[in-house]
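Structure data (compact mmCIF, C-alpha atoms) from start16.txt:
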```
# COMPACT_ATOMS: atom_id res chain seq x y z
CA ASN A 1 0.00 0.00 0.00
CA LEU A 2 2.85 2.38 0.86
CA GLN A 3 4.48 1.68 -2.52
CA TYR A 4 1.16 2.36 -4.27
CA ILE A 5 0.76 5.70 -2.44
CA VAL A 6 4.33 6.68 -3.36
CA GLN A 7 3.64 5.88 -7.02
CA ILE A 8 0.41 7.89 -6.98
CA ASN A 9 2.20 10.89 -5.45
CA TRP A 10 4.95 10.61 -8.07
CA VAL A 11 2.40 10.56 -10.91
CA GLU A 12 0.50 13.54 -9.46
CA THR A 13 3.70 15.55 -9.00
CA HIS A 14 5.00 14.91 -12.50
CA THR A 15 1.58 15.48 -14.05
CA THR A 16 1.36 18.86 -12.30
CA ARG A 17 4.85 19.77 -13.50
CA SER A 18 3.99 18.73 -17.04
CA ILE A 19 0.85 20.87 -17.02
CA GLU A 20 2.78 23.85 -15.62
CA GLN A 21 5.53 23.46 -18.23
CA SER A 22 2.95 23.19 -21.01
CA SER A 23 1.17 26.30 -19.72
CA ASN A 24 4.45 28.22 -19.52
CA ARG A 25 5.35 27.27 -23.10
CA ALA A 26 1.92 28.37 -24.28
CA ASN A 27 2.23 31.68 -22.43
CA MET A 28 5.65 32.27 -23.96
CA SER A 29 4.23 31.61 -27.41
CA ILE A 30 1.40 34.08 -26.86
CA GLU A 31 3.90 36.68 -25.62
CA ARG A 32 5.96 36.10 -28.75
CA ALA A 33 2.86 36.44 -30.91
CA ILE A 34 2.02 39.78 -29.26
CA GLN A 35 5.59 41.02 -29.76
CA LEU A 36 5.55 40.12 -33.46
CA SER A 37 2.11 41.66 -33.94
CA ASN A 38 3.19 44.92 -32.33
CA GLN A 39 6.36 44.89 -34.38
CA ILE A 40 4.27 44.81 -37.55
CA VAL A 41 2.48 47.97 -36.37
CA CYS A 42 5.83 49.71 -35.82
CA PHE A 43 6.79 48.94 -39.41
CA PHE A 44 3.47 50.42 -40.59
CA GLU A 45 4.31 53.68 -38.85
CA THR A 46 7.71 53.88 -40.55
CA ARG A 47 6.23 52.80 -43.92
CA CYS A 48 8.51 49.74 -44.00
CA PHE A 49 5.95 47.43 -45.60
CA ASN A 50 8.42 44.75 -46.72
CA LYS A 51 9.62 44.37 -43.15
CA ALA A 52 6.00 44.27 -42.00
CA LEU A 53 5.40 41.39 -44.41
CA LEU A 54 8.39 39.47 -43.09
CA SER A 55 7.23 39.96 -39.51
CA SER A 56 3.73 38.86 -40.48
CA CYS A 57 5.13 35.61 -41.89
CA SER A 58 6.95 34.98 -38.61
CA ALA A 59 3.77 35.77 -36.72
CA MET A 60 1.76 33.29 -38.75
CA GLU A 61 4.36 30.63 -37.98
CA VAL A 62 3.78 31.21 -34.28
CA LEU A 63 0.08 30.59 -34.82
CA GLN A 64 0.89 27.15 -36.20
CA GLN A 65 3.04 26.06 -33.26
CA PRO A 66 1.50 23.39 -31.01
CA SER A 67 2.47 25.32 -27.88
CA TYR A 68 0.42 28.31 -29.04
CA MET A 69 -2.56 26.10 -29.78
CA ALA A 70 -2.46 24.56 -26.29
CA GLU A 71 -5.65 24.93 -24.31
CA GLN A 72 -5.69 28.10 -22.23
CA ALA A 73 -7.75 29.04 -19.19
CA PRO A 74 -10.32 31.74 -20.03
CA SER A 75 -9.05 35.27 -19.44
CA VAL A 76 -11.02 38.14 -17.95
CA ILE A 77 -10.22 40.10 -21.14
CA GLY A 78 -11.08 37.32 -23.52
CA GLY A 79 -13.04 37.28 -26.74
CA SER A 80 -16.36 37.60 -24.91
CA ASN A 81 -16.08 41.40 -24.68
CA ASP A 82 -14.94 44.45 -26.67
CA PHE A 83 -11.29 44.32 -25.65
CA ILE A 84 -10.05 44.72 -29.24
CA ASP A 85 -12.18 47.85 -29.72
CA GLN A 86 -10.82 49.16 -26.42
CA CYS A 87 -7.30 48.74 -27.78
CA ILE A 88 -8.21 50.63 -30.95
CA LEU A 89 -9.74 53.52 -29.02
CA THR A 90 -6.87 53.62 -26.50
CA GLN A 91 -4.31 54.05 -29.28
CA GLY A 92 -5.85 57.42 -30.09
CA THR A 93 -5.42 57.07 -33.85
CA LYS A 94 -6.30 59.97 -36.08
CA SER A 95 -9.88 60.17 -37.25
CA SER A 96 -10.56 59.07 -40.79
CA SER A 97 -11.11 62.67 -41.88
CA ASP A 98 -7.43 63.35 -41.15
CA GLN A 99 -6.23 60.47 -43.31
CA THR A 100 -5.28 60.65 -46.94
CA ILE A 101 -7.85 59.02 -49.19
CA ILE A 102 -6.29 58.00 -52.48
CA MET A 103 -8.49 57.57 -55.55
CA ASP A 104 -11.65 57.46 -53.40
CA GLU A 105 -10.23 54.48 -51.53
CA PHE A 106 -10.25 54.79 -47.78
CA ILE A 107 -8.27 52.01 -46.15
CA TYR A 108 -8.30 51.78 -42.40
CA GLU A 109 -4.54 51.54 -42.26
CA HIS A 110 -3.88 51.51 -38.52
CA GLY A 111 -2.46 48.35 -37.04
CA ILE A 112 -3.62 47.30 -33.58
CA VAL A 113 -1.17 47.31 -30.67
CA LEU A 114 -1.85 44.79 -27.92
CA PRO A 115 -0.71 45.20 -24.31
CA MET A 116 1.31 42.33 -22.93
CA ILE A 117 -1.49 41.59 -20.46
CA ALA A 118 -3.66 40.37 -23.35
CA MET A 119 -2.71 36.77 -22.64
CA ASP A 120 -5.73 35.30 -24.37
CA GLU A 121 -5.57 33.67 -27.77
CA THR A 122 -9.17 34.72 -28.54
CA VAL A 123 -7.86 38.30 -28.50
CA VAL A 124 -4.33 37.82 -29.79
CA THR A 125 -5.16 35.55 -32.73
CA PRO A 126 -7.67 37.78 -34.61
CA VAL A 127 -5.56 40.90 -34.00
CA LEU A 128 -2.42 39.20 -35.26
CA ILE A 129 -4.28 37.92 -38.34
CA TYR A 130 -5.73 41.40 -38.95
CA ASN A 131 -2.29 43.02 -38.73
CA CYS A 132 -0.95 40.42 -41.16
CA ALA A 133 -3.83 41.11 -43.55
CA LEU A 134 -3.23 44.84 -43.36
CA SER A 135 0.48 44.37 -44.07
CA HIS A 136 -0.41 42.55 -47.29
CA GLN A 137 -2.95 45.17 -48.32
CA LEU A 138 -0.60 48.09 -47.70
CA ALA A 139 2.27 46.29 -49.43
CA ALA A 140 0.01 45.71 -52.44
CA ARG A 141 -0.73 49.43 -52.63
CA HIS A 142 2.98 50.10 -53.01
CA CYS A 143 3.72 47.20 -55.37
CA ASN A 144 4.47 47.83 -59.05
CA ASP A 145 4.18 44.21 -60.19
CA ASP A 146 0.58 43.41 -61.20
CA ARG A 147 0.79 39.71 -60.36
CA THR A 148 2.31 40.28 -56.93
CA HIS A 149 -0.17 43.09 -56.34
CA LYS A 150 -3.09 40.72 -56.92
CA VAL A 151 -1.55 37.93 -54.82
CA PHE A 152 -1.10 40.30 -51.88
CA LEU A 153 -4.69 41.53 -52.15
CA GLU A 154 -6.12 38.02 -52.31
CA LYS A 155 -4.06 37.01 -49.28
CA ALA A 156 -5.20 40.08 -47.38
CA ALA A 157 -8.87 39.36 -48.14
CA SER A 158 -8.54 35.76 -46.94
CA LEU A 159 -6.88 36.81 -43.70
CA TYR A 160 -9.43 39.56 -43.04
CA GLN A 161 -12.25 37.04 -43.42
CA ILE A 162 -10.63 34.71 -40.89
CA ALA A 163 -10.17 37.55 -38.40
CA PHE A 164 -13.79 38.64 -38.88
CA LYS A 165 -15.16 35.15 -38.28
CA GLU A 166 -13.26 34.98 -34.97
CA GLN A 167 -15.56 37.65 -33.50
CA ASP A 168 -18.84 37.13 -31.69
CA GLU A 169 -21.89 38.92 -33.02
CA GLY A 170 -22.42 42.36 -31.51
CA LEU A 171 -18.86 42.71 -30.19
CA ASN A 172 -15.82 44.70 -31.36
CA ALA A 173 -17.86 46.78 -33.83
CA ILE A 174 -14.99 49.10 -34.79
CA PHE A 175 -12.71 46.15 -35.49
CA LYS A 176 -15.27 44.40 -37.68
CA PHE A 177 -16.27 47.62 -39.43
CA ALA A 178 -12.63 48.30 -40.36
CA ILE A 179 -12.22 44.75 -41.67
CA LEU A 180 -15.34 44.88 -43.87
CA ASN A 181 -14.33 48.29 -45.20
CA ASN A 182 -10.89 47.04 -46.17
CA ILE A 183 -12.35 43.91 -47.78
CA GLY A 184 -14.69 46.13 -49.81
CA VAL A 185 -11.71 48.17 -51.02
CA ILE A 186 -9.93 44.97 -52.05
CA HIS A 187 -12.97 43.79 -54.03
CA LYS A 188 -13.08 47.15 -55.77
CA MET A 189 -9.38 47.04 -56.65
CA LEU A 190 -9.86 43.55 -58.07
CA ASP A 191 -12.80 44.79 -60.20
CA ARG A 192 -15.38 42.86 -58.20
CA SER A 193 -17.89 45.68 -58.19
CA GLU A 194 -20.85 43.67 -56.92
CA ALA A 195 -18.91 42.25 -53.99
CA ALA A 196 -17.57 45.72 -53.16
CA LYS A 197 -21.08 47.18 -53.31
CA ALA A 198 -22.38 44.44 -51.00
CA CYS A 199 -19.71 45.30 -48.41
CA PHE A 200 -20.31 49.05 -48.54
CA ASP A 201 -24.12 48.71 -48.55
CA TYR A 202 -23.87 46.55 -45.45
CA LEU A 203 -21.64 49.13 -43.77
CA VAL A 204 -24.06 51.94 -44.65
CA SER A 205 -26.91 50.02 -43.00
CA TRP A 206 -24.71 49.31 -40.02
CA MET A 207 -23.69 52.96 -39.69
CA MET A 208 -27.33 54.13 -39.93
CA ILE A 209 -28.28 51.82 -37.07
CA TYR A 210 -25.52 53.32 -34.94
CA ILE A 211 -26.61 56.86 -35.88
CA HIS A 212 -30.21 56.18 -34.88
CA THR A 213 -29.12 54.66 -31.58
CA ASP A 214 -26.77 57.59 -30.92
CA ASN A 215 -23.74 55.30 -30.95
CA SER A 216 -22.10 56.52 -34.15
CA LYS A 217 -19.31 58.12 -32.07
CA TYR A 218 -17.88 54.63 -31.61
CA LEU A 219 -17.31 54.38 -35.36
CA ARG A 220 -15.78 57.83 -35.84
CA LEU A 221 -12.40 56.28 -36.67
CA VAL A 222 -13.82 54.61 -39.76
CA GLN A 223 -16.11 57.35 -41.08
CA GLY A 224 -13.78 57.78 -44.05
CA PHE A 225 -15.57 54.80 -45.54
CA TRP A 226 -18.16 57.27 -46.92
CA GLY A 227 -15.52 58.09 -49.55
CA ASN A 228 -15.62 54.45 -50.62
CA VAL A 229 -19.40 54.56 -50.79
CA LEU A 230 -19.34 57.64 -53.02
CA GLY A 231 -16.55 56.20 -55.14
CA ASN A 232 -18.52 53.00 -55.60
CA GLY A 233 -21.39 54.69 -57.42
CA ARG A 234 -23.55 56.16 -54.68
CA GLU A 235 -24.71 59.73 -55.19
CA THR A 236 -24.98 60.80 -51.57
CA ALA A 237 -23.87 59.68 -48.16
CA PRO A 238 -25.75 60.56 -44.97
CA ALA A 239 -23.97 62.78 -42.48
CA ALA A 240 -22.76 60.87 -39.45
```
What does this structure look like when you write it as structure tokens?
Amino acid sequence: NLQYIVQINWVETHTTRSIEQSSNRANMSIERAIQLSNQIVCFFETRCFNKALLSSCSAMEVLQQPSYMAEQAPSVIGGSNDFIDQCILTQGTKSSSDQTIIMDEFIYEHGIVLPMIAMDETVVTPVLIYNCALSHQLAARHCNDDRTHKVFLEKAASLYQIAFKEQDEGLNAIFKFAILNNIGVIHKMLDRSEAAKACFDYLVSWMMIYIHTDNSKYLRLVQGFWGNVLGNGRETAPAA
């Protein structure tokens, strides 16, 4: 009986250690993912889009690592709230009216910086994917090769869609609005007029709901999308 108890204690001790080691590896992977994601944003600010692309590739590799995919305990700032929108608002980015709109194409071109306390993959993963998507879209805008330009845009659209699907309905409205706007711009640049119109029409309806509920202030950072609406064949755009 004593030998059995000793064996049980040994198993429990080593199982606990294994769980702790696995959790530590997962936490380190999430920290690395946040660092890479924030690095991409730094490259946006210095207009170093090639470096942003390289960092985005490294970031996507982190997403594929088993340690990152390990099961995590739910965080108090997890994907069940508007933490991503809080990050966007905290950054204090310029309003869309202060941004340069080229050829009637407003791209929400601000990357999202995550604090190191955001140790929750339901927050980190969609933000990292969004920053990667944006790096491809911005790189495409500065690419002279038509084939590479199209490849970058297609990749950006695919990544945006993944990031969008990661969000619960009714949460992180600014984040989702920015994604749909940028997808609409991509469709327009790829001559998919109907798909672009569907995106912008949806955003107009969404914005009108927020205006009528006196919540449009939350979408002030993306109001430049009216330029996309006008450039996509609409005659007027309601004042927000």
A:Ile88, A:Met60, A:Ile211, A:Ala156 ranked by distance to Leu128 in chain A, top pick (using only C-alpha atoms): A:Met60
Need to verify the contact set: range 107-111 of chain A, 10 Å, all atoms listed in the file, exclusion of same-chain residues closer than 5 positions in sequence. Can you return it as a PyMOL selection string? chain A and resi 37-45+88+91+93-96+99-102+127-128+130-135+137-138+175+177-186+221-225+228
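Computed from the coordinates, the CA of Asp120 in chain A to CA of Lys165 in chain A distance equals 16.8 Å.
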Quick one: residues within 12 Å of Glu166 in chain A, only C-alpha atoms, excluding same-chain residues fewer than 6 positions away - as JSON, numbers by chain? {"A": [78, 79, 80, 84, 121, 122, 123, 124, 125, 126, 127, 128, 129, 130, 159, 160, 172, 175, 176, 179]}
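CA of Thr90 in chain A lies 21.8 Å from CA of Arg47 in chain A.
Remark: for Trp226 in chain A, the closest of the candidate residues A:Phe106, A:Cys143, A:Asp82, A:Thr46 is A:Phe106 (distances computed over all atoms listed in the file).
Reported to one decimal place, the separation of CA of Ala163 in chain A from CA of Leu36 in chain A is 16.7 Å.
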